[in-house]
Number of protein chains: 2
Amino acid sequence: MKKSKINLKTKDKIMHHAIHEFIEHGYHGARMQNIAERAKVNKALIFYYYTSKDQIYKEVLGRIFKTIFERLNNLSDEPTSVENKVRQIVDVYMSVLIDYPDYIKLMMYELSSGANTVKELNPFGALGMPFSPMGGKIYSFFDGKIRAGEMKQVDIIQLIISIVGQIIISFIGLPIIRTAFESNKMDFDIKIFLEKRKDFIVNLVINGIKPEEKI
Amino acid sequence: MKKSKINLKTKDKIMHHAIHEFIEHGYHGARMQNIAERAKVNKALIFYYYTSKDQIYKEVLGRIFKTIFERLNNLSDEPTSVENKVRQIVDVYMSVLIDYPDYIKLMMYELSSGANTVKELNPFGALGMPFSPMGGKIYSFFDGKIRAGEMKQVDIIQLIISIVGQIIISFIGLPIIRTAFESNKMDFDIKIFLEKRKDFIVNLVINGIKPEEKI
DNA sequence: TTATATATTAACCAGATGGTTAAACCATTT
DNA sequence: AAATGGTTTAACCATCTGGTTAATATATAA
């Protein structure tokens with residue numbers, strides 16, 4: 001936990017605290033008054049810098065998506081094995097979620113309310129990136145490996161969704177998983193769990209797309 | 001779309017419409033007045049049958065969980081192959097989500113706000129079922145198969161989380177997946193997508209846990 | 001120092017929201 | 001038909017909430 005960053009300009013300070021208010025309560029649950037108190041400014045000041053709750057919410061979402069997608073796009077371009085690439089992907093995705101465990105909460109809010117705001121400020125040029133059949137780094141990597149016979153001939157989009165899904169559930173499902181562990185009197189250490197999880201996902205995927213043994 | 005069920009008693013009618021109001025807007029976004037209008041009753045009547053917004057919300061969550069878990073527990077007990085069992089599990093989970101595509105939205109709301117209400121009314125005796133290391137049908141099935149050498153020696157809890165995660169993302173990610181498809185000018189048919197998805201998940205998992213080839 | 005533009009605040013407001021009340025309605029029993 | 005008890009409603013209320021206003025404090029330029 002860092003100390004309050006007194007150097008942040010007021011507008012950014014407000015944004016910073018707005019992010020956390022929206023994360024904790026979602027759009028409808030968030031209160032402008034709370035944001036003001038968190039940022040230790042008068043509520044009117046928020047409306048001096050931002051025009052409405054709606055606008056500040058959109059800006060919050062925009063920042064979060066930008067932060068996440070910048071990191072996700074941070075994949076090495078160097079040629080490597082299928083196994084290494086899968087490990088890289090899982091690593092990067094997981095590390096983002098570990099660094100910003102709360103961001104995903106807001107994305108879930110968005111998705112569960114139909115992702116309307118997200119669609120509106122469409123960062124899917126960005127999201128398109130990893131998924132995109134044309135030009136997506138990840139897509140073209142796997143495409144090459146399939147042609148080279150280094151992995152099974154699978155639907156690459158489905159593969160990416162599967163990888164991402166296994167990772168995402170590790171975070172959004174945490175409250176349930178934790179409760180399930182505890183109600184079975186098993187210890188639950190989140191760090192250990194996520195480490196195990198990472199290995200499991202990589203192994204399952206690798207074995208799942210390994211080419212048939214040649215005889 | 002069925003016609004309005006005039007035989008429903010008033011209290012159930014209110015509950016029915018409350019479910020959909022909460023699904024569409026989440027706890028904070030839901031309005032008692034809206035529920036009243038949906039159910040075509042006076043708002044005061046809601047408070048005649050239920051004591052507060054909070055209480056009706058909890059009852060809504062309880063119903064949803066019950067509905068879902070009853071279905072999930074509907075797995076055949078007959079002995080079968082690993083492949084068939086995985087297919088069964090994916091089938092059952094997916095069919096529940098297909099039948100109640102909205103229910104998951106509310107579960108996401110819950111999870112993203114820390115699942116506090118859910119924890120409180122803890123149906124994880126129920127949720128424990130499939131996950132539980134002791135007594136869980138699914139768990140003990142895989143346990144038996146591992147001992148019999150019919151599948152790899154994997155962490156069964158991780159396996160279940162992976163299967164569930166791949167399924168859940170297929171639904172909560174739909175808005176994003178759809179947008180990604182469309183922004184790449186690819187047709188998106190949800191039925192076809194989910195069919196492909198089912199096969200993909202089954203294949204990936206089956207191949208992922210297949211025992212090493214014996215030489 | 002004074003004028004000017006920017007930053008910040010206390011007080012305020014209209015509309016919305018969860019919840020209440022007292023009266024009316026309706027079916028059943030006597 | 002009158003009494004009874006559950007059901008439904010219109011009107012109401014206190015509080016909360018996003019947003020405004022007008023005045024004040026602070027920094028900058030002249």
# chains A, B, ... in the order shown; residues from 1 in each chain; ligands from 1
>>> residues_around(residues="Ile104 (chain A)", least_positions_apart="4", cutoff="10 Å", atoms="only C-alpha atoms (C1' of nucleotides)", output="list in words")
Ile23, Ile64, Phe65, Ile68, Val96, Leu97, Tyr100, Met108, Tyr109, Glu110, Ile168, Phe171 and Ile172 of chain A; Ser112 of chain B
>>> write_last_selection(atoms="N, CA, C and O atoms", output="mmCIF file, in the first residue's frame")
data_model
loop_
_atom_site.group_PDB
_atom_site.id
_atom_site.type_symbol
_atom_site.label_atom_id
_atom_site.label_comp_id
_atom_site.auth_asym_id
_atom_site.auth_seq_id
_atom_site.Cartn_x
_atom_site.Cartn_y
_atom_site.Cartn_z
ATOM 1 N N ILE A 23 -15.395 0.244 -8.917
ATOM 2 C CA ILE A 23 -15.035 -1.168 -8.781
ATOM 3 C C ILE A 23 -15.793 -1.793 -7.616
ATOM 4 O O ILE A 23 -16.329 -2.890 -7.719
ATOM 5 N N ILE A 64 -9.313 1.628 -17.574
ATOM 6 C CA ILE A 64 -9.094 0.239 -17.190
ATOM 7 C C ILE A 64 -8.801 -0.623 -18.407
ATOM 8 O O ILE A 64 -7.847 -1.416 -18.417
ATOM 9 N N PHE A 65 -9.597 -0.462 -19.443
ATOM 10 C CA PHE A 65 -9.361 -1.264 -20.639
ATOM 11 C C PHE A 65 -8.000 -0.974 -21.243
ATOM 12 O O PHE A 65 -7.280 -1.877 -21.637
ATOM 13 N N ILE A 68 -5.287 -2.679 -19.219
ATOM 14 C CA ILE A 68 -5.253 -4.125 -19.402
ATOM 15 C C ILE A 68 -4.741 -4.509 -20.782
ATOM 16 O O ILE A 68 -3.845 -5.343 -20.919
ATOM 17 N N VAL A 96 -1.545 -9.878 -15.305
ATOM 18 C CA VAL A 96 -2.386 -8.687 -15.351
ATOM 19 C C VAL A 96 -3.459 -8.779 -14.277
ATOM 20 O O VAL A 96 -3.691 -7.834 -13.518
ATOM 21 N N LEU A 97 -4.088 -9.933 -14.210
ATOM 22 C CA LEU A 97 -5.175 -10.082 -13.243
ATOM 23 C C LEU A 97 -4.658 -10.048 -11.810
ATOM 24 O O LEU A 97 -5.349 -9.592 -10.903
ATOM 25 N N TYR A 100 -3.978 -6.301 -11.192
ATOM 26 C CA TYR A 100 -5.201 -5.495 -11.111
ATOM 27 C C TYR A 100 -6.400 -6.377 -10.802
ATOM 28 O O TYR A 100 -7.325 -6.456 -11.592
ATOM 29 N N MET A 108 -16.654 -7.364 -15.217
ATOM 30 C CA MET A 108 -17.766 -8.291 -15.026
ATOM 31 C C MET A 108 -19.086 -7.537 -14.890
ATOM 32 O O MET A 108 -20.089 -7.914 -15.479
ATOM 33 N N TYR A 109 -19.067 -6.486 -14.095
ATOM 34 C CA TYR A 109 -20.255 -5.626 -13.990
ATOM 35 C C TYR A 109 -20.713 -5.234 -15.381
ATOM 36 O O TYR A 109 -21.886 -5.338 -15.741
ATOM 37 N N GLU A 110 -19.747 -4.767 -16.161
ATOM 38 C CA GLU A 110 -20.061 -4.308 -17.502
ATOM 39 C C GLU A 110 -20.668 -5.421 -18.336
ATOM 40 O O GLU A 110 -21.724 -5.260 -18.949
ATOM 41 N N ILE A 168 -9.772 -16.536 -16.472
ATOM 42 C CA ILE A 168 -10.746 -15.613 -15.874
ATOM 43 C C ILE A 168 -11.498 -16.265 -14.722
ATOM 44 O O ILE A 168 -11.694 -15.666 -13.674
ATOM 45 N N PHE A 171 -10.273 -16.100 -11.251
ATOM 46 C CA PHE A 171 -10.400 -14.877 -10.460
ATOM 47 C C PHE A 171 -11.842 -14.579 -10.077
ATOM 48 O O PHE A 171 -12.140 -14.326 -8.912
ATOM 49 N N ILE A 172 -12.721 -14.629 -11.080
ATOM 50 C CA ILE A 172 -14.107 -14.305 -10.732
ATOM 51 C C ILE A 172 -14.707 -15.392 -9.858
ATOM 52 O O ILE A 172 -15.597 -15.128 -9.070
ATOM 53 N N SER B 112 -19.092 -10.272 -8.673
ATOM 54 C CA SER B 112 -18.268 -9.071 -8.805
ATOM 55 C C SER B 112 -18.459 -8.132 -7.627
ATOM 56 O O SER B 112 -17.614 -7.301 -7.354
#
>>> interface_residues(of="chain C", to="chain A", cutoff="10 Å", atoms="only C-alpha atoms (C1' of nucleotides)", output="list of chain:residue names")
C:DA7, C:DT8, C:DT9, C:DA10
>>> interface_residues(of="chain D", to="chain B", cutoff="10 Å", atoms="only C-alpha atoms (C1' of nucleotides)", output="mmCIF file with all heavy atoms, in the first residue's frame")
data_model
loop_
_atom_site.group_PDB
_atom_site.id
_atom_site.type_symbol
_atom_site.label_atom_id
_atom_site.label_comp_id
_atom_site.auth_asym_id
_atom_site.auth_seq_id
_atom_site.Cartn_x
_atom_site.Cartn_y
_atom_site.Cartn_z
ATOM 1 P P DT D 7 -54.082 -13.159 1.731
ATOM 2 O OP1 DT D 7 -53.965 -14.310 0.807
ATOM 3 O OP2 DT D 7 -52.932 -12.741 2.569
ATOM 4 O "O5'" DT D 7 -54.563 -11.895 0.886
ATOM 5 C "C5'" DT D 7 -55.613 -12.071 -0.056
ATOM 6 C "C4'" DT D 7 -55.869 -10.768 -0.784
ATOM 7 O "O4'" DT D 7 -56.336 -9.748 0.141
ATOM 8 C "C3'" DT D 7 -54.662 -10.159 -1.514
ATOM 9 O "O3'" DT D 7 -55.073 -9.971 -2.853
ATOM 10 C "C2'" DT D 7 -54.412 -8.838 -0.781
ATOM 11 C "C1'" DT D 7 -55.808 -8.507 -0.275
ATOM 12 N N1 DT D 7 -55.955 -7.603 0.900
ATOM 13 C C2 DT D 7 -56.656 -6.423 0.741
ATOM 14 O O2 DT D 7 -57.149 -6.067 -0.322
ATOM 15 N N3 DT D 7 -56.762 -5.665 1.870
ATOM 16 C C4 DT D 7 -56.244 -5.960 3.137
ATOM 17 O O4 DT D 7 -56.417 -5.195 4.073
ATOM 18 C C5 DT D 7 -55.524 -7.205 3.236
ATOM 19 C C7 DT D 7 -54.925 -7.622 4.541
ATOM 20 C C6 DT D 7 -55.408 -7.966 2.124
ATOM 21 P P DT D 8 -54.025 -9.569 -4.013
ATOM 22 O OP1 DT D 8 -54.525 -10.100 -5.303
ATOM 23 O OP2 DT D 8 -52.650 -9.879 -3.557
ATOM 24 O "O5'" DT D 8 -54.213 -7.987 -4.053
ATOM 25 C "C5'" DT D 8 -55.481 -7.474 -4.484
ATOM 26 C "C4'" DT D 8 -55.486 -5.968 -4.377
ATOM 27 O "O4'" DT D 8 -55.560 -5.576 -2.984
ATOM 28 C "C3'" DT D 8 -54.256 -5.253 -4.946
ATOM 29 O "O3'" DT D 8 -54.664 -4.506 -6.091
ATOM 30 C "C2'" DT D 8 -53.767 -4.353 -3.812
ATOM 31 C "C1'" DT D 8 -54.976 -4.287 -2.887
ATOM 32 N N1 DT D 8 -54.684 -4.082 -1.447
ATOM 33 C C2 DT D 8 -55.269 -3.034 -0.783
ATOM 34 O O2 DT D 8 -56.031 -2.237 -1.303
ATOM 35 N N3 DT D 8 -54.931 -2.934 0.552
ATOM 36 C C4 DT D 8 -54.073 -3.767 1.258
ATOM 37 O O4 DT D 8 -53.848 -3.574 2.446
ATOM 38 C C5 DT D 8 -53.498 -4.849 0.494
ATOM 39 C C7 DT D 8 -52.557 -5.809 1.147
ATOM 40 C C6 DT D 8 -53.824 -4.954 -0.799
ATOM 41 P P DT D 9 -53.611 -3.604 -6.899
ATOM 42 O OP1 DT D 9 -54.019 -3.613 -8.311
ATOM 43 O OP2 DT D 9 -52.237 -3.961 -6.533
ATOM 44 O "O5'" DT D 9 -53.946 -2.176 -6.306
ATOM 45 C "C5'" DT D 9 -55.310 -1.755 -6.239
ATOM 46 C "C4'" DT D 9 -55.436 -0.423 -5.529
ATOM 47 O "O4'" DT D 9 -55.232 -0.615 -4.110
ATOM 48 C "C3'" DT D 9 -54.396 0.615 -5.957
ATOM 49 O "O3'" DT D 9 -55.070 1.711 -6.570
ATOM 50 C "C2'" DT D 9 -53.696 1.053 -4.677
ATOM 51 C "C1'" DT D 9 -54.606 0.532 -3.579
ATOM 52 N N1 DT D 9 -53.860 0.072 -2.377
ATOM 53 C C2 DT D 9 -54.082 0.682 -1.168
ATOM 54 O O2 DT D 9 -54.866 1.574 -1.013
ATOM 55 N N3 DT D 9 -53.339 0.177 -0.131
ATOM 56 C C4 DT D 9 -52.413 -0.846 -0.194
ATOM 57 O O4 DT D 9 -51.803 -1.220 0.811
ATOM 58 C C5 DT D 9 -52.224 -1.439 -1.494
ATOM 59 C C7 DT D 9 -51.256 -2.565 -1.676
ATOM 60 C C6 DT D 9 -52.946 -0.960 -2.523
ATOM 61 P P DA D 10 -54.333 2.773 -7.435
ATOM 62 O OP1 DA D 10 -55.098 2.974 -8.686
ATOM 63 O OP2 DA D 10 -52.898 2.437 -7.502
ATOM 64 O "O5'" DA D 10 -54.502 4.065 -6.521
ATOM 65 C "C5'" DA D 10 -55.789 4.444 -6.065
ATOM 66 C "C4'" DA D 10 -55.673 5.598 -5.078
ATOM 67 O "O4'" DA D 10 -55.047 5.123 -3.860
ATOM 68 C "C3'" DA D 10 -54.830 6.775 -5.554
ATOM 69 O "O3'" DA D 10 -55.446 7.979 -5.095
ATOM 70 C "C2'" DA D 10 -53.467 6.532 -4.909
ATOM 71 C "C1'" DA D 10 -53.850 5.839 -3.604
ATOM 72 N N9 DA D 10 -52.877 4.850 -3.129
ATOM 73 C C8 DA D 10 -52.143 3.980 -3.887
ATOM 74 N N7 DA D 10 -51.374 3.184 -3.182
ATOM 75 C C5 DA D 10 -51.617 3.562 -1.868
ATOM 76 C C6 DA D 10 -51.110 3.093 -0.637
ATOM 77 N N6 DA D 10 -50.224 2.108 -0.522
ATOM 78 N N1 DA D 10 -51.568 3.693 0.495
ATOM 79 C C2 DA D 10 -52.461 4.671 0.387
ATOM 80 N N3 DA D 10 -53.015 5.188 -0.713
ATOM 81 C C4 DA D 10 -52.541 4.589 -1.821
#
>>> interface_residues(of="chain B", to="chain A", cutoff="7 Å", atoms="only C-alpha atoms", output="ChimeraX atom specification")
/B:24-25,28-29,105,108-109,111-115,124,128,132,158,162,165-166,169,172,175,180,184,197,200,204-205,207-209
>>> residues_around(residues="region 14-25 of chain C", least_positions_apart="4", cutoff="10 Å", atoms="only C-alpha atoms (C1' of nucleotides)", output="list in words")
Arg31, Met32, Gln33, Lys43, Ala44, Phe47, Thr51, Ser52 and Lys53 of chain B; DT7, DT8, DT9, DA10, DA11, DC12, DC13, DA14, DT15, DC16, DT17, DG18 and DG19 of chain D
>>> atom_distance(atom1="CA of Arg71 (chain A)", atom2="CA of Lys9 (chain A)")
24.8 Å
>>> select_by_dssp(residues="region 1-186 of chain A", states="helix (DSSP H, G or I)", output="PyMOL selection string")
chain A and resi 10-29+32-39+43-49+53-72+82-99+103-112+116-120+124-131+137-147+156-172+174-183
>>> atom_distance(atom1="CA of Glu59 (chain B)", atom2="CA of Phe188 (chain A)")
29.2 Å
